[in-house]
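A.B. asks: File name final02.txt; file contents compact mmCIF, C-alpha atoms and all ligand atoms; full text below.
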```txt
# COMPACT_ATOMS: atom_id res chain seq x y z
CA MET A 593 84.73 79.07 72.95
CA LEU A 594 84.73 77.57 69.50
CA ARG A 595 86.99 79.33 67.00
CA VAL A 596 86.36 78.07 63.45
CA PRO A 597 89.27 76.51 61.52
CA ARG A 598 91.37 79.02 59.62
CA ASP A 599 90.30 78.08 56.10
CA GLN A 600 86.62 78.78 56.89
CA ALA A 601 87.32 81.51 59.41
CA VAL A 602 85.31 84.69 59.41
CA SER A 603 87.71 87.59 59.62
CA LEU A 604 87.69 90.54 61.96
CA THR A 605 86.95 93.81 60.18
CA LEU A 606 87.71 97.30 61.42
CA PRO A 607 84.65 99.02 62.90
CA PRO A 608 84.27 102.83 63.20
CA LEU A 609 86.65 104.49 65.67
CA SER A 610 85.76 106.99 68.42
CA LEU A 611 87.75 108.91 71.02
CA TYR A 612 86.73 109.18 74.68
CA ILE A 613 88.40 111.79 76.89
CA HIS A 614 87.88 111.53 80.65
CA LEU A 615 87.95 114.69 82.76
CA PRO A 616 87.63 113.37 86.31
CA TRP A 617 86.82 116.25 88.66
CA CYS A 618 83.46 117.36 90.10
CA VAL A 619 82.54 120.14 92.52
CA ARG A 620 81.55 117.38 94.92
CA LYS A 621 80.73 113.70 94.71
CA CYS A 622 77.03 112.82 94.34
CA PRO A 623 75.91 110.06 96.74
CA TYR A 624 74.62 107.74 93.97
CA CYS A 625 77.58 108.05 91.59
CA ASP A 626 80.16 105.33 90.93
CA PHE A 627 81.85 107.02 87.97
CA ASN A 628 85.56 107.72 88.25
CA SER A 629 84.88 111.21 89.57
CA HIS A 630 86.71 113.05 92.31
CA ALA A 631 85.75 116.10 94.36
CA GLN A 632 87.84 119.02 93.23
CA ARG A 633 90.27 120.36 95.85
CA GLY A 634 91.73 123.70 94.86
CA VAL A 635 92.37 124.72 91.28
CA ILE A 636 92.16 122.05 88.58
CA PRO A 637 95.66 121.53 87.09
CA GLU A 638 94.36 122.06 83.54
CA THR A 639 97.71 122.63 81.83
CA GLN A 640 99.28 119.54 83.35
CA TYR A 641 96.18 117.46 82.61
CA VAL A 642 95.99 118.57 78.97
CA ALA A 643 99.70 117.80 78.43
CA ALA A 644 99.22 114.35 79.97
CA LEU A 645 96.21 113.71 77.70
CA MET A 646 98.39 114.34 74.64
CA ALA A 647 101.12 112.02 75.91
CA ASP A 648 98.48 109.37 76.67
CA LEU A 649 96.97 109.71 73.19
CA GLU A 650 100.36 109.40 71.51
CA GLN A 651 100.90 106.00 73.09
CA ASP A 652 97.81 104.60 71.36
CA LEU A 653 98.50 106.12 67.94
CA PRO A 654 100.44 103.13 66.50
CA GLN A 655 97.38 100.93 67.17
CA VAL A 656 95.07 103.13 65.07
CA TRP A 657 97.40 104.36 62.36
CA GLY A 658 95.56 105.73 59.29
CA ARG A 659 92.09 105.36 60.84
CA THR A 660 89.53 108.18 60.99
CA VAL A 661 87.88 109.23 64.26
CA HIS A 662 84.12 109.70 63.85
CA SER A 663 83.21 111.04 67.29
CA VAL A 664 84.82 112.57 70.36
CA PHE A 665 83.22 112.52 73.81
CA PHE A 666 84.36 114.55 76.82
CA GLY A 667 82.95 112.60 79.79
CA GLY A 668 83.43 112.76 83.49
CA GLY A 669 83.42 113.74 86.12
CA THR A 670 82.31 117.16 85.10
CA PRO A 671 84.04 118.25 81.89
CA SER A 672 82.33 121.66 82.13
CA LEU A 673 84.70 122.46 85.02
CA PHE A 674 87.41 122.77 82.37
CA SER A 675 87.80 126.15 80.67
CA ALA A 676 86.91 126.56 77.01
CA LYS A 677 90.60 127.30 76.39
CA ALA A 678 91.58 123.89 77.78
CA ILE A 679 88.89 122.14 75.67
CA SER A 680 90.11 124.05 72.62
CA ASP A 681 93.73 123.04 73.32
CA ILE A 682 92.70 119.41 73.67
CA LEU A 683 90.75 119.45 70.39
CA ASP A 684 93.62 121.17 68.57
CA GLY A 685 96.01 118.56 69.96
CA VAL A 686 93.69 115.74 68.89
CA ALA A 687 93.31 117.18 65.37
CA ALA A 688 97.11 117.44 65.07
CA ARG A 689 97.56 113.77 65.97
CA LEU A 690 94.51 112.00 64.51
CA LYS A 691 92.39 112.19 61.38
CA LEU A 692 89.03 113.63 62.49
CA ALA A 693 86.04 113.09 60.19
CA PRO A 694 84.80 116.44 58.78
CA TYR A 695 81.44 116.18 60.56
CA ALA A 696 82.64 114.36 63.66
CA GLU A 697 80.19 114.51 66.56
CA ILE A 698 81.98 116.21 69.48
CA THR A 699 80.07 115.98 72.77
CA LEU A 700 80.86 117.58 76.12
CA GLU A 701 79.09 116.67 79.37
CA ALA A 702 78.06 119.65 81.46
CA ASN A 703 76.62 120.07 84.93
CA PRO A 704 74.02 122.89 85.16
CA GLY A 705 75.69 124.09 88.37
CA THR A 706 79.05 124.77 86.73
CA VAL A 707 78.32 126.78 83.62
CA GLU A 708 77.80 130.46 83.38
CA HIS A 709 76.06 131.73 80.29
CA ASP A 710 79.00 132.59 78.01
CA ARG A 711 80.79 129.31 78.61
CA PHE A 712 78.64 127.37 76.12
CA GLU A 713 79.42 129.79 73.29
CA ALA A 714 83.11 129.40 74.02
CA TYR A 715 82.84 125.60 73.99
CA ARG A 716 81.10 125.86 70.62
CA SER A 717 83.88 128.05 69.24
CA ALA A 718 86.36 125.46 70.53
CA GLY A 719 84.72 122.87 68.25
CA VAL A 720 82.21 121.15 70.56
CA ASN A 721 78.97 120.53 68.61
CA ARG A 722 76.88 118.58 71.14
CA ILE A 723 76.22 119.22 74.84
CA SER A 724 74.98 116.60 77.28
CA LEU A 725 73.47 118.32 80.29
CA GLY A 726 73.08 116.53 83.66
CA VAL A 727 69.65 117.86 84.65
CA GLN A 728 68.51 114.71 86.55
CA THR A 729 65.23 116.34 87.71
CA PHE A 730 63.71 119.81 87.89
CA ASP A 731 62.34 119.17 91.39
CA ASN A 732 64.32 121.14 93.99
CA ALA A 733 63.63 118.77 96.89
CA LYS A 734 64.72 115.76 94.79
CA LEU A 735 67.83 117.58 93.55
CA LYS A 736 68.77 118.13 97.18
CA THR A 737 68.24 114.45 98.04
CA LEU A 738 70.49 113.57 95.10
CA GLY A 739 73.18 115.87 96.48
CA ARG A 740 73.21 117.94 93.29
CA ILE A 741 74.89 121.34 93.24
CA HIS A 742 72.13 122.97 91.16
CA ASP A 743 68.42 123.69 91.53
CA GLY A 744 65.58 123.48 89.01
CA ASP A 745 65.94 127.13 87.92
CA GLN A 746 69.64 126.63 87.21
CA ALA A 747 68.79 123.54 85.15
CA THR A 748 66.30 125.57 83.12
CA ALA A 749 68.75 128.45 82.72
CA ALA A 750 71.49 126.08 81.57
CA ILE A 751 69.22 124.50 78.93
CA ARG A 752 68.28 127.97 77.64
CA ALA A 753 71.97 128.93 77.55
CA VAL A 754 72.80 125.79 75.52
CA ILE A 755 70.08 126.66 73.00
CA GLU A 756 71.02 130.37 72.88
CA ALA A 757 74.65 129.44 72.29
CA GLY A 758 73.47 127.84 69.04
CA PHE A 759 73.73 124.13 69.90
CA ASP A 760 71.09 122.45 67.76
CA ASN A 761 72.26 119.07 69.07
CA PHE A 762 72.03 118.45 72.79
CA ASN A 763 71.01 115.84 75.33
CA LEU A 764 69.27 116.16 78.67
CA ASP A 765 70.08 113.52 81.31
CA LEU A 766 67.10 112.72 83.53
CA MET A 767 67.05 110.20 86.33
CA TRP A 768 63.83 108.52 87.47
CA ALA A 769 62.68 106.14 90.25
CA LEU A 770 64.12 108.71 92.65
CA PRO A 771 63.65 108.44 96.43
CA GLY A 772 59.98 109.11 97.25
CA GLN A 773 59.12 109.84 93.60
CA SER A 774 55.57 109.32 92.29
CA VAL A 775 54.61 108.45 88.71
CA ASP A 776 53.27 111.98 88.23
CA GLN A 777 56.50 113.54 89.46
CA ALA A 778 58.60 111.43 87.08
CA LEU A 779 56.23 112.36 84.26
CA ALA A 780 56.45 116.06 85.20
CA ASP A 781 60.23 115.93 84.69
CA VAL A 782 59.80 114.44 81.21
CA GLU A 783 57.15 117.05 80.42
CA GLN A 784 59.39 119.89 81.52
CA ALA A 785 62.30 118.51 79.49
CA LEU A 786 60.09 118.22 76.40
CA HIS A 787 59.20 121.87 76.77
CA PHE A 788 62.72 122.63 75.40
CA ASP A 789 62.32 120.34 72.39
CA PRO A 790 65.55 118.44 73.13
CA PRO A 791 66.91 116.32 70.24
CA HIS A 792 67.90 113.62 72.78
CA VAL A 793 66.90 112.54 76.29
CA SER A 794 68.80 110.01 78.40
CA HIS A 795 66.30 108.61 80.89
CA TYR A 796 68.17 106.64 83.55
CA GLN A 797 66.55 104.62 86.29
CA LEU A 798 68.40 105.46 89.52
CA THR A 799 70.44 102.42 90.51
CA LEU A 800 72.17 101.83 93.84
CA GLU A 801 75.75 101.18 92.82
CA PRO A 802 78.16 99.34 95.15
CA ASN A 803 80.60 101.54 97.08
CA THR A 804 78.44 104.66 96.96
CA VAL A 805 76.86 106.57 99.84
CA PHE A 806 73.39 105.48 98.63
CA ALA A 807 74.46 101.81 98.71
CA ALA A 808 75.63 102.21 102.32
CA HIS A 809 72.56 104.23 103.36
CA PRO A 810 69.81 103.30 100.89
CA PRO A 811 67.13 105.95 100.45
CA PRO A 812 63.47 104.87 100.19
CA LEU A 813 63.08 103.97 96.51
CA PRO A 814 59.67 103.53 94.81
CA GLU A 815 58.00 100.08 94.89
CA GLU A 816 58.49 97.82 91.89
CA GLU A 817 54.93 98.40 90.67
CA THR A 818 55.45 102.17 90.72
CA VAL A 819 58.74 101.73 88.86
CA TRP A 820 57.01 99.80 86.04
CA ALA A 821 54.22 102.38 85.90
CA MET A 822 56.77 105.21 85.69
CA GLN A 823 58.65 103.51 82.92
CA ASP A 824 55.46 102.94 80.94
CA ALA A 825 54.08 106.44 81.49
CA CYS A 826 57.36 108.26 80.70
CA GLY A 827 58.07 105.98 77.72
CA GLU A 828 54.60 106.52 76.33
CA ARG A 829 55.00 110.31 76.67
CA LEU A 830 58.40 110.33 74.96
CA MET A 831 57.08 108.15 72.16
CA ARG A 832 54.10 110.47 71.69
CA ALA A 833 56.57 113.35 71.36
CA GLY A 834 58.25 111.53 68.46
CA PHE A 835 61.23 110.02 70.30
CA ASP A 836 62.65 106.60 69.48
CA ASN A 837 63.84 104.44 72.41
CA TYR A 838 66.86 103.25 70.42
CA GLU A 839 68.74 102.07 73.52
CA ILE A 840 67.44 100.95 76.91
CA SER A 841 67.87 104.43 78.49
CA ALA A 842 68.35 106.59 75.38
CA TRP A 843 65.61 108.42 73.48
CA ALA A 844 66.23 110.41 70.31
CA GLN A 845 64.31 112.43 67.79
CA PRO A 846 64.81 111.15 64.20
CA ASN A 847 68.51 111.11 63.23
CA ARG A 848 69.57 112.46 66.63
CA ALA A 849 70.85 109.26 68.27
CA CYS A 850 74.22 109.80 69.96
CA ARG A 851 76.68 108.55 67.34
CA HIS A 852 79.44 108.13 69.92
CA ASN A 853 77.40 105.92 72.25
CA LEU A 854 75.93 104.00 69.30
CA ASN A 855 79.47 103.06 68.35
CA TYR A 856 80.04 101.56 71.84
CA TRP A 857 76.81 99.59 71.73
CA ARG A 858 77.53 98.31 68.22
CA PHE A 859 80.87 97.03 69.52
CA GLY A 860 82.85 99.65 67.64
CA ASP A 861 86.36 100.75 68.57
CA TYR A 862 87.39 103.59 70.85
CA ILE A 863 90.55 105.11 72.17
CA GLY A 864 90.08 106.10 75.83
CA ILE A 865 92.41 108.67 77.37
CA GLY A 866 92.47 110.40 80.75
CA ALA A 867 92.27 109.05 84.30
CA GLY A 868 90.44 105.71 84.43
CA ALA A 869 89.42 105.74 80.74
CA SER A 870 88.93 102.45 78.90
CA GLY A 871 89.78 101.73 75.28
CA LYS A 872 88.90 98.94 72.84
CA ILE A 873 90.75 98.49 69.57
CA THR A 874 90.37 95.78 66.93
CA LEU A 875 93.67 94.46 65.58
CA PRO A 876 92.81 92.31 62.54
CA ALA A 877 96.46 91.43 61.84
CA ASN A 878 96.68 89.85 65.32
CA GLU A 879 93.13 88.46 65.06
CA SER A 880 92.42 90.10 68.40
CA VAL A 881 90.40 92.73 70.20
CA TRP A 882 92.60 94.71 72.60
CA ARG A 883 91.32 96.44 75.73
CA SER A 884 93.10 98.88 78.00
CA ARG A 885 92.27 100.86 81.13
CA ARG A 886 94.16 103.85 82.49
CA ARG A 887 95.13 104.50 86.12
CA LYS A 888 92.08 105.84 87.96
CA ILE A 889 93.49 108.34 90.45
CA PRO A 890 93.95 111.65 88.60
CA GLN A 891 97.26 112.51 90.27
CA SER A 892 98.80 109.09 89.67
CA TRP A 893 97.57 109.14 86.04
CA MET A 894 99.12 112.61 85.55
CA ASN A 895 102.38 111.49 87.22
CA ALA A 896 102.52 108.69 84.64
CA ALA A 897 103.36 111.30 82.01
CA GLY A 898 106.92 111.05 83.41
CA ASP A 899 107.47 107.44 82.33
CA GLY A 900 104.44 106.74 80.10
CA SER A 901 102.85 104.31 82.57
CA PHE A 902 99.27 105.56 82.04
CA VAL A 903 97.80 102.12 81.47
CA ALA A 904 96.90 100.06 84.55
CA GLU A 905 95.46 97.03 82.75
CA GLN A 906 95.57 95.82 79.16
CA GLY A 907 95.29 92.69 77.08
CA ASP A 908 93.45 90.85 74.33
CA VAL A 909 89.85 89.90 75.08
CA ALA A 910 89.69 86.11 75.45
CA ALA A 911 87.72 84.48 72.62
CA SER A 912 85.46 82.97 75.30
CA ASP A 913 84.49 86.48 76.50
CA LEU A 914 84.01 88.10 73.09
CA ALA A 915 80.55 86.70 72.33
CA PHE A 916 79.28 87.78 75.76
CA GLU A 917 80.80 91.26 75.50
CA TYR A 918 79.28 91.69 72.07
CA MET A 919 75.81 90.64 73.20
CA LEU A 920 76.06 92.64 76.44
CA ASN A 921 76.45 95.80 74.37
CA ARG A 922 74.42 94.95 71.30
CA THR A 923 71.24 93.74 73.03
CA ARG A 924 70.89 97.19 74.64
CA LEU A 925 69.90 98.53 71.21
CA SER A 926 66.41 98.13 69.78
CA GLU A 927 67.75 97.61 66.22
CA ASP A 928 68.07 94.05 64.94
CA ILE A 929 71.39 92.25 65.25
CA ALA A 930 72.90 90.98 62.00
CA LEU A 931 74.76 87.72 62.59
CA SER A 932 77.21 88.71 59.85
CA GLU A 933 78.04 91.82 61.89
CA PHE A 934 78.61 89.68 64.98
CA SER A 935 81.21 87.70 63.02
CA ALA A 936 82.84 90.81 61.56
CA ARG A 937 83.17 92.47 64.98
CA THR A 938 84.35 89.44 66.94
CA GLY A 939 86.04 87.22 64.35
CA LEU A 940 83.88 84.37 65.66
CA ASP A 941 81.59 82.03 63.81
CA ARG A 942 77.90 82.51 64.69
CA ASP A 943 78.00 79.11 66.45
CA ALA A 944 79.93 80.89 69.19
CA LEU A 945 76.57 82.37 70.29
CA GLN A 946 75.35 78.90 71.27
CA PRO A 947 73.91 77.61 73.55
CA GLY A 948 72.75 81.08 74.72
CA LEU A 949 71.01 81.91 71.45
CA SER A 950 68.87 78.74 71.38
CA ARG A 951 67.92 79.28 75.03
CA ALA A 952 67.02 82.95 74.37
CA VAL A 953 64.72 81.87 71.52
CA GLU A 954 63.12 79.14 73.69
CA LEU A 955 62.44 81.71 76.42
CA GLY A 956 60.95 84.19 73.95
CA LEU A 957 63.66 86.80 74.56
CA LEU A 958 64.99 86.83 70.98
CA GLU A 959 63.56 85.84 67.61
CA VAL A 960 65.63 84.73 64.61
CA GLU A 961 64.71 85.82 61.09
CA GLY A 962 67.27 84.72 58.51
CA ASP A 963 70.52 86.48 59.36
CA ARG A 964 68.90 88.72 61.97
CA LEU A 965 68.21 88.52 65.70
CA ILE A 966 65.27 90.54 66.96
CA ARG A 967 64.90 91.48 70.63
CA THR A 968 61.33 90.76 71.71
CA GLU A 969 59.31 92.87 74.14
CA ARG A 970 60.00 90.23 76.78
CA GLY A 971 63.71 90.45 75.95
CA THR A 972 63.55 94.20 76.49
CA ARG A 973 61.84 93.84 79.87
CA CYS A 974 64.18 91.06 80.99
CA LEU A 975 67.38 92.41 79.46
CA ASN A 976 69.64 91.23 82.30
CA ASP A 977 68.35 87.66 81.95
CA LEU A 978 68.85 87.81 78.19
CA GLN A 979 72.44 89.06 78.52
CA ALA A 980 73.29 86.49 81.20
CA LEU A 981 72.51 83.66 78.75
CA PHE A 982 75.66 84.58 76.81
CA LEU A 983 78.02 84.44 79.79
CA PRO A 984 80.96 82.09 79.12
CA ALA A 985 80.49 78.67 80.71
C1 LIG A 1001 79.07 111.43 84.11
S1 LIG A 1001 77.46 111.88 84.53
C2 LIG A 1001 77.09 113.38 83.58
C3 LIG A 1001 77.73 114.72 83.75
C4 LIG A 1001 77.86 115.38 85.09
N1 LIG A 1001 78.82 114.68 85.85
C5 LIG A 1001 76.57 115.47 85.84
O1 LIG A 1001 76.31 114.58 86.67
O2 LIG A 1001 75.84 116.44 85.63
C6 LIG A 1001 76.44 110.86 83.54
C7 LIG A 1001 75.01 110.64 83.93
O3 LIG A 1001 74.85 109.36 84.50
C8 LIG A 1001 73.67 109.32 85.26
N2 LIG A 1001 73.95 108.56 86.49
C9 LIG A 1001 75.04 108.63 87.27
N3 LIG A 1001 74.95 107.75 88.30
C10 LIG A 1001 73.75 107.11 88.16
C11 LIG A 1001 73.07 106.09 88.90
N4 LIG A 1001 73.58 105.57 90.01
N5 LIG A 1001 71.86 105.67 88.45
C12 LIG A 1001 71.33 106.20 87.32
N6 LIG A 1001 71.92 107.15 86.59
C13 LIG A 1001 73.13 107.60 86.99
C14 LIG A 1001 73.28 110.76 85.53
O4 LIG A 1001 72.11 111.07 84.83
C15 LIG A 1001 74.45 111.55 84.98
O5 LIG A 1001 74.05 112.76 84.42
S1 LIG A 1002 78.47 115.44 89.06
FE1 LIG A 1002 78.15 113.68 87.68
S2 LIG A 1002 80.10 112.53 87.63
FE2 LIG A 1002 80.22 114.05 89.32
S3 LIG A 1002 79.69 112.88 91.09
FE3 LIG A 1002 77.79 113.81 90.34
S4 LIG A 1002 76.88 112.30 88.88
FE4 LIG A 1002 79.00 111.69 89.30
```
Take the structure in the file and write it out as structure tokens.

C.D. replies:
Amino acid sequence: MLRVPRDQAVSLTLPPLSLYIHLPWCVRKCPYCDFNSHAQRGVIPETQYVAALMADLEQDLPQVWGRTVHSVFFGGGTPSLFSAKAISDILDGVAARLKLAPYAEITLEANPGTVEHDRFEAYRSAGVNRISLGVQTFDNAKLKTLGRIHDGDQATAAIRAVIEAGFDNFNLDLMWALPGQSVDQALADVEQALHFDPPHVSHYQLTLEPNTVFAAHPPPLPEEETVWAMQDACGERLMRAGFDNYEISAWAQPNRACRHNLNYWRFGDYIGIGAGASGKITLPANESVWRSRRRKIPQSWMNAAGDGSFVAEQGDVAASDLAFEYMLNRTRLSEDIALSEFSARTGLDRDALQPGLSRAVELGLLEVEGDRLIRTERGTRCLNDLQALFLPA
């Protein structure tokens, strides 16, 4: 990939910084899930895990010295299996080691089957200010097919508990295109979610991921025509309720987009700690973007606290991959792409987007207006094709 000569070079600038904390255990593994999540056997070793998280974080500190963290995200796995005390200890440890922005968004993912009522209040006291609840659907038969540990009533009770605990910022995860699902059933889930006036809804089409039970034994998924009709009907309903589809699967009321995820999609920086977590850090002095990934197996990641060998893979992103990685993330967002931001985030001249950019314009997937790239409706519908145009030769 072309890197412009030094005297005309665009320089890498530091983007906002986030912190991702992976908590890898679940009550049991769902058949569709390819996240780094592991069925819990016995008691979760919280104390050992929290200590390892701090040691893991300390290793990355020299790379982010002096920078402020704008968001923290506890993802999983099922973070709500951890006690509020453990979450509080982690946040105290983070605040002692990193500069946290005064109004940092701090999200915790919760599974409706794992949280009794008082737990949410305790998470809030610990410093969490946003909950992301894995509802998936309110339909009991579908929840069973998905291998979920909760039913529709538990989902409803968990949402009420989140609201009663005083969280004015929360997300509901819904999945659609479920086995045997009709358009009306998918719409009924959206309707029921809207009943709680959620600030944010993540609306994920069920995908069959390699190496999952569903990939090995595929359930009967809706026909393509039904899938399009579901997407249109649910999207139209969410739009009518005042939600903005700011990212392919993410819908937010005004000013309620997830700041943490936005930072990923805008190619911002993040420290990633915990089993299997990934990190991305811009190092302007080295003119590089550095990526790292931790060991995936919880026990082997925790054992690494002994000798500091948490990281399984790391290295600078090759210049030839940077343009693709940027576009892979950035085209997910509905907002225009500023070419100047592309250069600031990658250190590459805008020519590095060629020949993919010209091809995307020819195919009607992107439009160019001055410094800005605009994703067209066709580009939104054919996002995979659009992204593939930027793959390195
Ligand atoms: C890490 S999980 C969220 C928290 C918690 N583990 C739970 O499931 O309740 C993130 C979300 O990804 C979505 N998801 C996971 N696997 C998926 C798949 N194969 N297709 C579509 N969405 C998926 C689900 O909506 C899930 O809530
Ligand atoms: S609870 Fe969430 S992370 Fe755990 S297996 Fe199910 S979908 Fe995956």

A.B. asks: With a distance cut-off of 10 Å and all atoms listed in the file, select the neighbouring residues of Ala718 of chain A, excluding the residue or stretch itself and same-chain residues fewer than 4 positions from it, and output the selection as a PyMOL selection string.

C.D. replies: chain A and resi 676-684+712-714

A.B. asks: Please save C-alpha atoms of the selected residues as a compact mmCIF listing (two decimals), in the coordinates of the input.

C.D. replies:
```txt
# COMPACT_ATOMS: atom_id res chain seq x y z
CA ALA A 676 86.91 126.56 77.01
CA LYS A 677 90.60 127.30 76.39
CA ALA A 678 91.58 123.89 77.78
CA ILE A 679 88.89 122.14 75.67
CA SER A 680 90.11 124.05 72.62
CA ASP A 681 93.73 123.04 73.32
CA ILE A 682 92.70 119.41 73.67
CA LEU A 683 90.75 119.45 70.39
CA ASP A 684 93.62 121.17 68.57
CA PHE A 712 78.64 127.37 76.12
CA GLU A 713 79.42 129.79 73.29
CA ALA A 714 83.11 129.40 74.02
```

A.B. asks: Go through A:Asp836, A:Glu801, A:Asp789, A:Asp760 and flag the residue nearest ligand LIG 1001 (chain A), using all atoms listed in the file for the distances.

C.D. replies: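 The closest residue to ligand LIG 1001 (chain A) is A:Glu801.
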
A.B. asks: Could you build a table of the residues in segment 836-943 of chain A lying no more than 7 Å from segment 970-984 of chain A, giving for each the nearest pair of atoms and their separation in Å rounded to one decimal place, using only C-alpha atoms, ordered by chain and ascending residue number, as JSON lines?

C.D. replies:
```
{"residue": "A:Ser912", "atom": "CA", "partner": "A:Pro984", "partner_atom": "CA", "distance": 6.0}
{"residue": "A:Asp913", "atom": "CA", "partner": "A:Pro984", "partner_atom": "CA", "distance": 6.2}
{"residue": "A:Ala915", "atom": "CA", "partner": "A:Phe982", "partner_atom": "CA", "distance": 7.0}
{"residue": "A:Phe916", "atom": "CA", "partner": "A:Phe982", "partner_atom": "CA", "distance": 4.9}
{"residue": "A:Met919", "atom": "CA", "partner": "A:Gln979", "partner_atom": "CA", "distance": 6.5}
{"residue": "A:Leu920", "atom": "CA", "partner": "A:Gln979", "partner_atom": "CA", "distance": 5.5}
```

A.B. asks: List as a tab-separated table (two decimals) with C-alpha atoms, in the frame of the given file the protein and nucleic acid residues lying within 8 Å of ligand LIG 1001 (chain A), with only C-alpha atoms and all ligand atoms counted.

C.D. replies:
```
chain	number	residue	atom	x	y	z
A	618	CYS	CA	83.46	117.36	90.10
A	622	CYS	CA	77.03	112.82	94.34
A	624	TYR	CA	74.62	107.74	93.97
A	625	CYS	CA	77.58	108.05	91.59
A	626	ASP	CA	80.16	105.33	90.93
A	627	PHE	CA	81.85	107.02	87.97
A	629	SER	CA	84.88	111.21	89.57
A	667	GLY	CA	82.95	112.60	79.79
A	668	GLY	CA	83.43	112.76	83.49
A	669	GLY	CA	83.42	113.74	86.12
A	670	THR	CA	82.31	117.16	85.10
A	671	PRO	CA	84.04	118.25	81.89
A	701	GLU	CA	79.09	116.67	79.37
A	702	ALA	CA	78.06	119.65	81.46
A	703	ASN	CA	76.62	120.07	84.93
A	704	PRO	CA	74.02	122.89	85.16
A	724	SER	CA	74.98	116.60	77.28
A	725	LEU	CA	73.47	118.32	80.29
A	726	GLY	CA	73.08	116.53	83.66
A	727	VAL	CA	69.65	117.86	84.65
A	728	GLN	CA	68.51	114.71	86.55
A	765	ASP	CA	70.08	113.52	81.31
A	766	LEU	CA	67.10	112.72	83.53
A	767	MET	CA	67.05	110.20	86.33
A	768	TRP	CA	63.83	108.52	87.47
A	794	SER	CA	68.80	110.01	78.40
A	795	HIS	CA	66.30	108.61	80.89
A	796	TYR	CA	68.17	106.64	83.55
A	797	GLN	CA	66.55	104.62	86.29
A	798	LEU	CA	68.40	105.46	89.52
A	799	THR	CA	70.44	102.42	90.51
A	800	LEU	CA	72.17	101.83	93.84
A	801	GLU	CA	75.75	101.18	92.82
```

A.B. asks: Could you name the residues that touch segment 874-891 of chain A at 6 Å or less, counting all atoms listed in the file, but leaving out those on the same chain fewer than 6 positions away, as a ChimeraX atom specification?

C.D. replies: /A:604,867-868,902-909

A.B. asks: Any chance you could export the current selection's C-alpha atoms as a PDB file, in the coordinates of the input?

C.D. replies:
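File produced: part.pdb:
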```
ATOM      1  CA  LEU A 604      87.690  90.540  61.960  1.00  0.00           C
ATOM      2  CA  ALA A 867      92.270 109.050  84.300  1.00  0.00           C
ATOM      3  CA  GLY A 868      90.440 105.710  84.430  1.00  0.00           C
ATOM      4  CA  PHE A 902      99.270 105.560  82.040  1.00  0.00           C
ATOM      5  CA  VAL A 903      97.800 102.120  81.470  1.00  0.00           C
ATOM      6  CA  ALA A 904      96.900 100.060  84.550  1.00  0.00           C
ATOM      7  CA  GLU A 905      95.460  97.030  82.750  1.00  0.00           C
ATOM      8  CA  GLN A 906      95.570  95.820  79.160  1.00  0.00           C
ATOM      9  CA  GLY A 907      95.290  92.690  77.080  1.00  0.00           C
ATOM     10  CA  ASP A 908      93.450  90.850  74.330  1.00  0.00           C
ATOM     11  CA  VAL A 909      89.850  89.900  75.080  1.00  0.00           C
TER      12      VAL A 909
END
```

A.B. asks: Which residue out of A:Gln773, A:Thr804, A:Thr699, A:Thr968 has the minimum interatomic distance to ligand LIG 1002 (chain A) when all atoms listed in the file are used?

C.D. replies: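 Smallest separation from ligand LIG 1002 (chain A) among the options: A:Thr804.
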
A.B. asks: Please provide as a PyMOL selection string all residues within 12 Å of Pro791 of chain A, with the sequence filter that same-chain residues fewer than 6 positions apart are discarded (counting all atoms listed in the file).

C.D. replies: chain A and resi 722-724+755+759-765+785+830+833-836+842-850

A.B. asks: Would you output that residue set with C-alpha atoms, as a short mmCIF file (atom, residue, chain, number, x, y, z; two decimals), in the coordinates of the input?

C.D. replies:
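New file again-v1.cif:
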```
data_model
loop_
_atom_site.label_atom_id
_atom_site.label_comp_id
_atom_site.auth_asym_id
_atom_site.auth_seq_id
_atom_site.Cartn_x
_atom_site.Cartn_y
_atom_site.Cartn_z
CA ARG A 722 76.88 118.58 71.14
CA ILE A 723 76.22 119.22 74.84
CA SER A 724 74.98 116.60 77.28
CA ILE A 755 70.08 126.66 73.00
CA PHE A 759 73.73 124.13 69.90
CA ASP A 760 71.09 122.45 67.76
CA ASN A 761 72.26 119.07 69.07
CA PHE A 762 72.03 118.45 72.79
CA ASN A 763 71.01 115.84 75.33
CA LEU A 764 69.27 116.16 78.67
CA ASP A 765 70.08 113.52 81.31
CA ALA A 785 62.30 118.51 79.49
CA LEU A 830 58.40 110.33 74.96
CA ALA A 833 56.57 113.35 71.36
CA GLY A 834 58.25 111.53 68.46
CA PHE A 835 61.23 110.02 70.30
CA ASP A 836 62.65 106.60 69.48
CA ALA A 842 68.35 106.59 75.38
CA TRP A 843 65.61 108.42 73.48
CA ALA A 844 66.23 110.41 70.31
CA GLN A 845 64.31 112.43 67.79
CA PRO A 846 64.81 111.15 64.20
CA ASN A 847 68.51 111.11 63.23
CA ARG A 848 69.57 112.46 66.63
CA ALA A 849 70.85 109.26 68.27
CA CYS A 850 74.22 109.80 69.96
#
```

A.B. asks: Rank A:Gly900, A:Pro810, A:Pro637, A:Gly705 by their smallest atom-to-atom distance to ligand LIG 1002 (chain A), using only C-alpha atoms and all ligand atoms, and report the top residue only.

C.D. replies: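 The answer is A:Gly705, which sits nearest to ligand LIG 1002 (chain A).
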
A.B. asks: Using only C-alpha atoms and all ligand atoms, pick whichever of A:Tyr612, A:Trp857, A:Tyr641, A:Phe666 has the shortest atom-to-atom distance to ligand LIG 1002 (chain A).

C.D. replies: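 With only C-alpha atoms and all ligand atoms as the atom set, the closest residue is A:Phe666.
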